[in-house]
Structures are given as structure tokens and as C-alpha cells.
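What follows is the content of target.cif, which has mmCIF, C-alpha atoms:
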data_input
loop_
_atom_site.label_atom_id
_atom_site.label_comp_id
_atom_site.auth_asym_id
_atom_site.auth_seq_id
_atom_site.Cartn_x
_atom_site.Cartn_y
_atom_site.Cartn_z
CA MET S 1 104.33 115.28 89.89
CA VAL S 2 103.05 116.95 93.05
CA ASN S 3 105.70 118.68 95.11
CA ASP S 4 106.39 117.97 98.77
CA LYS S 5 104.97 121.29 100.03
CA GLU S 6 101.65 120.51 98.40
CA ILE S 7 101.60 116.99 99.86
CA ILE S 8 102.28 118.36 103.36
CA SER S 9 99.63 121.04 102.99
CA VAL S 10 96.96 118.61 101.75
CA MET S 11 97.91 116.04 104.44
CA ARG S 12 97.17 118.68 107.09
CA GLN S 13 93.76 119.53 105.60
CA ASN S 14 92.56 116.12 104.49
CA THR S 15 94.59 113.15 105.68
CA GLU S 16 93.23 110.66 103.19
CA LYS S 17 93.69 112.89 100.15
CA GLY S 18 97.15 113.96 101.31
CA PHE S 19 98.24 110.42 102.01
CA ARG S 20 97.04 109.36 98.57
CA LEU S 21 99.24 112.06 97.01
CA LEU S 22 102.16 110.97 99.18
CA MET S 23 101.74 107.33 98.14
CA ALA S 24 101.50 108.33 94.48
CA SER S 25 104.77 110.26 94.70
CA TYR S 26 106.75 108.02 97.02
CA LYS S 27 105.58 104.40 96.88
CA LYS S 28 107.94 103.50 94.03
CA PRO S 29 111.04 105.47 95.16
CA VAL S 30 110.66 104.17 98.73
CA TYR S 31 110.15 100.57 97.63
CA TRP S 32 113.15 100.62 95.26
CA HIS S 33 115.34 102.34 97.83
CA ILE S 34 114.54 99.60 100.35
CA ARG S 35 114.83 96.86 97.72
CA ARG S 36 118.36 98.00 96.85
CA LEU S 37 119.27 97.65 100.51
CA VAL S 38 117.51 94.40 101.44
CA VAL S 39 117.55 92.78 97.95
CA SER S 40 114.64 90.35 98.52
CA HIS S 41 111.22 91.44 97.22
CA ALA S 42 109.32 89.99 100.19
CA ASP S 43 111.53 91.84 102.67
CA ALA S 44 111.28 95.08 100.67
CA GLN S 45 107.50 94.74 100.59
CA ASP S 46 107.31 94.34 104.38
CA ALA S 47 109.68 97.22 105.06
CA ALA S 48 107.99 99.53 102.54
CA GLN S 49 104.58 98.83 104.03
CA GLU S 50 105.85 99.50 107.53
CA THR S 51 107.57 102.68 106.31
CA PHE S 52 104.29 104.16 105.07
CA VAL S 53 102.42 103.14 108.19
CA ARG S 54 105.08 104.92 110.26
CA ILE S 55 104.95 107.99 108.01
CA PHE S 56 101.17 108.13 108.47
CA ARG S 57 101.31 107.69 112.24
CA ASN S 58 104.24 110.04 112.83
CA PHE S 59 103.40 112.74 110.33
CA HIS S 60 102.63 115.17 113.17
CA GLN S 61 106.27 114.84 114.26
CA TYR S 62 107.68 115.96 110.93
CA ASN S 63 109.54 119.26 111.27
CA GLU S 64 109.08 121.48 108.22
CA GLU S 65 112.56 122.95 108.66
CA ASN S 66 113.93 119.63 107.39
CA SER S 67 113.51 118.07 103.98
CA PHE S 68 110.33 115.99 103.69
CA LYS S 69 112.02 113.70 101.18
CA ALA S 70 114.94 113.12 103.55
CA TRP S 71 112.53 112.44 106.43
CA ILE S 72 110.73 109.80 104.36
CA PHE S 73 113.95 108.17 103.17
CA ARG S 74 115.31 108.16 106.71
CA ILE S 75 112.24 106.22 107.92
CA ALA S 76 112.59 103.86 104.96
CA THR S 77 116.30 103.31 105.65
CA ASN S 78 115.59 102.64 109.32
CA GLU S 79 112.91 100.12 108.41
CA ALA S 80 115.31 98.33 106.06
CA LEU S 81 117.96 98.23 108.81
CA ARG S 82 115.39 97.09 111.37
CA LEU S 83 114.40 94.23 109.10
CA LEU S 84 118.00 93.21 108.47
CA GLY S 85 118.65 93.44 112.21
CA LYS S 86 115.70 91.15 113.00
CA GLN S 87 117.05 88.60 110.56
CA LYS S 88 120.46 88.84 112.21
CA GLY S 89 118.88 88.41 115.66
CA ASP S 90 119.32 91.98 116.86
CA MET S 91 116.57 94.54 117.10
CA MET S 92 118.11 97.07 114.74
CA LEU S 93 121.43 97.44 112.94
CA SER S 94 123.38 100.62 112.51
CA LEU S 95 124.65 101.45 109.04
CA ASP S 96 128.17 100.38 110.02
CA GLU S 97 127.01 96.90 111.01
CA VAL S 98 125.46 96.03 107.66
CA THR S 99 127.77 93.91 105.58
CA ALA S 100 127.78 93.20 101.86
CA ASP S 101 127.53 89.48 102.55
CA MET S 102 124.30 89.99 104.49
CA LEU S 103 122.80 91.90 101.63
CA GLY S 104 124.14 89.90 98.73
CA THR S 105 122.76 86.47 99.58
CA LYS S 106 119.08 87.24 99.53
CA ALA S 107 117.99 87.53 95.93
CA ASP S 108 114.64 85.80 95.37
CA ASN S 109 112.78 84.94 92.19
CA HIS S 110 111.83 88.57 91.52
CA PHE S 111 115.00 89.50 89.73
CA ASP S 112 116.15 89.53 86.14
CA SER S 113 119.37 87.62 85.72
CA SER S 114 119.40 88.17 81.95
CA ASP S 115 120.59 91.76 82.34
CA ALA S 116 124.19 90.89 83.21
CA ILE S 117 125.59 94.40 83.49
CA THR S 118 122.89 95.63 85.90
CA MET S 119 123.41 92.49 88.01
CA LYS S 120 127.11 93.25 88.13
CA LEU S 121 126.52 96.87 89.09
CA GLN S 122 124.25 95.87 91.98
CA LYS S 123 126.85 93.36 93.12
CA ALA S 124 129.48 96.11 93.05
CA ILE S 125 127.21 98.40 95.11
CA LEU S 126 126.45 95.61 97.60
CA HIS S 127 130.19 95.17 98.18
CA LEU S 128 130.52 98.75 99.41
CA PRO S 129 130.50 99.64 103.10
CA ALA S 130 126.92 100.54 104.09
CA LYS S 131 127.46 104.30 104.38
CA GLN S 132 129.03 104.51 100.91
CA GLN S 133 126.27 102.31 99.57
CA LEU S 134 123.61 104.59 101.03
CA ALA S 135 125.36 107.73 99.74
CA PHE S 136 125.69 106.23 96.27
CA ASN S 137 122.13 104.92 96.04
CA LEU S 138 120.49 108.09 97.32
CA ARG S 139 122.56 110.30 95.02
CA TYR S 140 122.68 108.18 91.88
CA TYR S 141 119.20 106.65 91.87
CA ASP S 142 117.11 109.03 93.98
CA GLU S 143 118.98 112.26 93.17
CA LEU S 144 118.94 113.56 96.73
CA SER S 145 121.20 116.51 97.56
CA TYR S 146 124.20 115.86 99.82
CA GLU S 147 122.39 117.80 102.55
CA GLU S 148 119.39 115.49 102.25
CA ILE S 149 121.60 112.39 102.19
CA ALA S 150 123.29 113.67 105.35
CA GLU S 151 119.88 114.00 107.04
CA VAL S 152 119.05 110.43 106.07
CA ALA S 153 122.37 109.03 107.26
CA GLY S 154 122.73 111.26 110.31
CA SER S 155 126.01 112.64 109.00
CA THR S 156 127.33 115.80 107.35
CA ALA S 157 126.93 116.84 103.73
CA ALA S 158 130.71 117.01 103.26
CA SER S 159 131.16 113.50 104.62
CA MET S 160 128.44 112.13 102.36
CA LYS S 161 129.99 113.80 99.31
CA VAL S 162 133.29 112.09 100.08
CA SER S 163 131.45 108.76 100.60
CA TYR S 164 129.69 109.15 97.26
CA ASN S 165 132.89 109.88 95.33
CA ILE S 166 134.77 107.00 96.96
CA ALA S 167 131.83 104.70 96.22
CA LYS S 168 131.82 105.75 92.59
CA GLU S 169 135.55 105.07 92.20
CA LYS S 170 135.23 101.67 93.87
CA ILE S 171 132.34 100.72 91.63
CA ILE S 172 134.27 101.68 88.49
CA THR S 173 137.24 99.62 89.68
CA TYR S 174 134.99 96.65 90.44
CA MET S 175 133.22 96.87 87.09
CA ASN S 176 136.52 97.08 85.21
CA ASN S 177 138.20 94.22 87.03
CA ASN S 178 135.50 91.60 87.58
CA ASP S 179 133.98 89.56 84.76
CA MET P 1 142.78 96.38 76.00
CA ASP P 2 141.81 99.08 78.49
CA LYS P 3 138.18 99.16 79.47
CA THR P 4 136.47 101.84 81.50
CA PHE P 5 133.05 101.36 82.92
CA ASP P 6 130.59 104.11 82.06
CA PHE P 7 127.51 104.53 84.27
CA GLU P 8 125.50 105.53 81.24
CA GLN P 9 125.76 101.94 80.01
CA VAL P 10 123.38 100.98 82.80
CA GLY P 11 121.60 104.18 83.72
CA LYS P 12 119.10 103.57 86.49
CA ARG P 13 118.10 100.09 85.40
CA LEU P 14 117.85 97.47 88.14
CA PRO P 15 117.99 93.68 87.84
CA TYR P 16 114.94 93.42 90.10
CA ASN P 17 111.25 93.26 89.30
CA VAL P 18 107.94 93.08 91.16
CA PRO P 19 104.73 91.06 90.65
CA ASP P 20 102.01 92.65 88.49
CA GLY P 21 99.84 95.14 90.36
CA PHE P 22 102.25 95.14 93.28
CA PHE P 23 102.30 98.91 93.86
CA ASP P 24 98.49 99.16 93.90
CA GLN P 25 98.39 96.30 96.37
CA LEU P 26 101.03 97.99 98.51
CA GLU P 27 98.89 101.13 98.69
CA GLU P 28 95.80 99.09 99.63
CA ASN P 29 97.73 97.22 102.34
CA VAL P 30 98.95 100.48 103.83
CA LYS P 31 95.44 101.94 103.77
CA ALA P 32 94.11 98.83 105.49
CA LYS P 33 96.80 99.02 108.17
CA THR P 34 96.14 102.69 108.81
CA HIS P 35 92.33 102.26 108.68
CA LEU P 36 92.11 104.58 105.71
CA GLN P 37 89.83 102.36 103.66
CA ARG P 38 87.06 104.20 101.94
CA LEU P 39 83.64 103.73 103.49
CA PRO P 40 80.78 102.43 101.29
CA VAL P 41 78.72 105.27 99.83
CA ARG P 42 74.97 105.15 100.48
CA GLU P 43 72.82 105.90 97.41
CA GLY P 44 71.57 109.49 97.54
CA SER P 45 73.94 110.53 100.30
CA GLU P 46 75.93 113.76 100.04
CA TYR P 47 78.96 111.69 98.96
CA SER P 48 77.26 109.71 96.20
CA LYS P 49 77.90 112.55 93.77
CA GLY P 50 80.99 114.68 93.36
CA ASP P 51 83.76 114.41 95.94
CA ALA P 52 84.83 111.13 97.40
CA PRO P 53 83.88 110.56 101.02
CA LYS P 54 86.37 111.37 103.70
CA ALA P 55 87.91 108.31 105.24
CA LYS P 56 86.78 107.33 108.68
CA VAL P 57 89.92 107.24 110.77
CA ILE P 58 89.34 104.80 113.60
CA THR P 59 91.44 105.98 116.48
CA PRO P 60 91.60 104.51 119.99
CA LEU P 61 89.58 107.56 121.11
CA HIS P 62 86.59 106.42 119.06
CA SER P 63 86.80 102.90 120.45
CA TRP P 64 87.18 104.06 124.04
CA ARG P 65 84.30 106.46 123.63
CA GLY P 66 82.11 103.57 122.46
CA TRP P 67 83.14 101.34 125.32
CA GLY P 68 82.63 104.26 127.70
CA TRP P 69 78.98 104.52 126.69
CA VAL P 70 78.48 100.77 127.06
CA SER P 71 80.05 100.83 130.54
CA PHE P 72 78.01 103.88 131.49
CA GLY P 73 74.81 102.18 130.36
CA ALA P 74 75.59 99.02 132.32
CA ALA P 75 76.47 101.00 135.45
CA ALA P 76 73.27 103.06 135.13
CA ALA P 77 71.14 99.92 134.82
CA VAL P 78 72.74 98.33 137.89
CA ALA P 79 72.30 101.56 139.89
CA LEU P 80 68.67 101.76 138.81
CA PHE P 81 68.19 98.16 139.86
CA PHE P 82 69.44 98.89 143.39
CA VAL P 83 67.47 102.14 143.72
CA VAL P 84 64.24 100.42 142.72
CA THR P 85 64.78 97.43 144.99
CA LYS P 86 65.79 99.58 147.98
CA ASN P 87 62.58 101.61 147.81
CA LEU P 88 60.22 98.68 147.54
CA PRO P 89 57.90 97.93 150.47
CA ILE P 90 59.01 94.51 151.65
CA SER P 91 56.51 92.34 153.42
CA GLU P 92 57.22 89.16 155.36
CA SER P 93 56.12 87.02 152.45
CA GLN P 94 58.64 88.72 150.13
CA THR P 95 61.73 87.92 152.15
CA ASP P 96 62.52 84.97 149.99
CA THR P 97 65.47 86.04 147.81
CA PHE P 98 64.10 84.87 144.50
CA GLU P 99 60.71 86.49 145.09
CA PHE P 100 62.43 89.70 146.10
CA VAL P 101 64.55 89.81 142.95
CA GLU P 102 61.56 88.88 140.82
CA LEU P 103 59.51 91.71 142.25
CA ALA P 104 62.34 94.18 141.73
CA TYR P 105 62.74 92.97 138.18
CA ASN P 106 59.01 93.38 137.54
CA ASN P 107 59.19 96.98 138.70
CA LEU P 108 61.73 97.84 136.00
CA SER P 109 60.66 99.21 132.65
CA THR P 110 60.56 96.82 129.71
CA GLU P 111 63.69 98.44 128.24
CA ASP P 112 65.62 98.02 131.47
CA GLN P 113 64.45 94.44 131.80
CA GLU P 114 65.65 93.67 128.28
CA PHE P 115 68.95 95.39 128.93
CA LEU P 116 69.55 93.40 132.09
CA MET P 117 68.69 90.16 130.32
CA GLU P 118 71.13 91.01 127.53
CA VAL P 119 73.88 91.82 129.99
CA TYR P 120 73.20 88.61 131.89
CA GLU P 121 73.12 86.44 128.77
CA GLU P 122 76.30 87.94 127.35
CA ASP P 123 78.25 87.94 130.59
CA GLY P 124 80.65 85.02 130.30
CA PHE P 125 81.78 85.41 133.89
CA ILE P 126 78.27 85.06 135.38
CA ASN P 127 77.38 82.20 133.06
CA ASP P 128 80.66 80.34 133.65
CA ASN P 129 80.21 80.58 137.41
CA ASN P 130 76.67 79.29 137.12
CA GLU P 131 77.89 76.33 135.12
CA GLU P 132 80.55 75.59 137.70
CA ASP P 133 78.02 75.85 140.53
CA TYR P 134 75.72 73.58 138.60
CA GLU P 135 78.48 71.02 138.17
CA LYS P 136 79.35 71.23 141.88
CA ASP P 137 75.73 70.63 142.88
CA PHE P 138 75.49 67.51 140.79
#
Taking this structure as input, can you express it in the form of C-alpha cells?
Amino acid sequence: MVNDKEIISVMRQNTEKGFRLLMASYKKPVYWHIRRLVVSHADAQDAAQETFVRIFRNFHQYNEENSFKAWIFRIATNEALRLLGKQKGDMMLSLDEVTADMLGTKADNHFDSSDAITMKLQKAILHLPAKQQLAFNLRYYDELSYEEIAEVAGSTAASMKVSYNIAKEKIITYMNNND
Amino acid sequence: MDKTFDFEQVGKRLPYNVPDGFFDQLEENVKAKTHLQRLPVREGSEYSKGDAPKAKVITPLHSWRGWGWVSFGAAAAVALFFVVTKNLPISESQTDTFEFVELAYNNLSTEDQEFLMEVYEEDGFINDNNEEDYEKDF
């Protein structure tokens, strides 16, 4: 897999080639990150598409002192929140305004109900407060560092570490107590 | 019986799936939205062998530049029209407006005549007004 430095370098020399590398590395992680937040496939598709369009158009604004991965996931998270906000009637939600109920009622036909334990785990994650949910997803599924998660969430690494550990404990409790 | 959930039971599996070919389609959609589609390669061109062609990024600058040339051309033709007509020797018999315009038009080059006709034919505003005048007259 191509590393971020190489993607950035190629993007600056040849936009099309660089963007192709970026899509190859990030289209799946970005889509699944958004899907875990918005649940519905159609919504995730819209938000993922918009995320990459924004990355392309705003690439010149990316500051190399920050993590490229975190920058991409921050745009993706914002697009997911923007989409949820539109559906709620607002322009954009903050992480604290997203509720588990909003997220948990939107499963469409693109999900596999036969895998009971994975369904239960997602339900447990969707019951978490949004910041804990984000910390858990980005650490557990996307393996971002706490510093990168903090950049995505606009918080501190220490705070995100606490959020992740609390999330993990809550999930274990949920999984043990709900059949 | 005590039970303790272990994350390894699930790993990174998700209960969600996507339609076949979805990720390729996503990439194509993004390319279309960012105007990064690949241009067709002409046989024998420098891109028909070896490296893929560079994408043509259509920015507002390109569009404005195009419209700028069109506007400049139209303005130049109108200016030329007035310069030619101003310098014509006008006799008493040419004072009739239509004859005057016709003479001025005849003094233009074929290219300029064609350009003016194109502008006139494509100008919705002129044509709409003419239609309205026509309706008023009758």
C-alpha cells in the first residue's frame, strides 16, 4: 500500500495520478468510516462521494504538519455529520448532538442480519455518545493514533484515550448483558 | 454462568455490505464530479502508447477564458461595423436606413458578414424583440 507522503507528493506533481492513488488507499476506509456513523448505504455513498470531492478541491489547504489520514477522516466525519444534520433539519450537527437513536434507525437492505454478533456489536457502538463512538471506531477499526483521533474530533489525545477506554468498557457491558 | 465478551470473536467484521462494483463506481462518480475523466486518446497521438494521458481539469478559468474570446470577437465585429459605416460616403439617395445598413454590410468582409449573421441568428434577445414587434404590428 502506498504511504501518505507518496500520495501527497504525486498529487502535487500530477493531480490525476495522485488522486487515483489516494482513492485506491482511502475509498474503502472512508466509506466504511462514514457507513458506521450514518448506517444507511445510500447516505454513506453520498457522504463518501462528497468527501472525496472536498479532498480534491481543498487539497491545497492541507497543512503537511498535520496527519494526512486525520485530515481525510476529519472531512469524512464532517460530511457524515452534515448529512445527519440535513436529515434533522439543521445544516450541520456537532458530535455532541448526534444521538444513538438517530443513527440506529436507518439500516437499509445492504446489511447482513445473519451475523448476529456483529449486528449486536454495531448496536452497542451506536448506543455510545458520539465522541466515544468516534474514538472507538477510529481506534478499533481504522487504527488511528490517539493524536490523529484528536485531530479528527478537535479534541486532545488524552481525552480521546479516555473516551476510547470508556467506550470499550461500555461495549463489553452491553454485549454481556443484552441478548 | 459468567460470560465475558471478547472483541476477537468479531474482529473487524461488519454487518453491512455494498452492491457489487460499488467502490469502482464511487471512484468514477468522484472523477466525474471533479472533471477528472480521462480524455479519449487519438490514434497515433503521443498518448496512444506508453503513459496514460493527463486529465484535462476544467476550471472556471478555462471557461471564462473561452467566453472572453467570444465576447472579444463580438465586440470587435460591432466596432468594425461602426468604423466602416462611419467612413462611408453617404449620398442623398443612401439616407434610407435599410439601404445604409445594407451598404455597410456589403462593405464588410465575407468572414465578418458571416459572423454578424451568426450573432444575429443566435441572439435570442434580438429575435424575441423582433417577434414581439411583429406581433404588435399585426
Legend entry - Explicit residues for the PyMOL selection byres ((chain P) within 8 of (chain S)) (as a ChimeraX atom specification): /P:3-6,10,12-19,23,26-27,29-30,33-34,36,54-55
Legend entry - Length of the atom CA of Lys161 of chain S to atom CA of Gln132 of chain S vector [Å]: 9.5 Å
Inset, instruction - Go through the shown structure with the PyMOL selection byres ((chain S and resi 145-147) around 10) and write out the matching residues as a ChimeraX atom specification. - result: /S:66-67,70,135,138-139,142-144,148-153,155-162,164
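For the pair atom CA of Asp43 of chain S and atom CA of Leu83 of chain S, the interatomic distance is 7.4 Å.
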Inset, instruction - Between atom CA of Lys5 of chain S and atom CA of Ala47 of chain S, measure the distance and give it in Å to one decimal. - result: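 One can read the atom CA of Lys5 of chain S to atom CA of Ala47 of chain S distance as 25.0 Å.
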Inset, instruction - For each of S:His60, S:Asn165, S:Lys131, S:Trp71, take the minimum atom-to-atom distance to Asp4 of chain S, counting only C-alpha atoms, then give the residue where this is smallest. - result: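 Of S:His60, S:Asn165, S:Lys131, S:Trp71, the one nearest Asp4 of chain S is S:Trp71, counting only C-alpha atoms.
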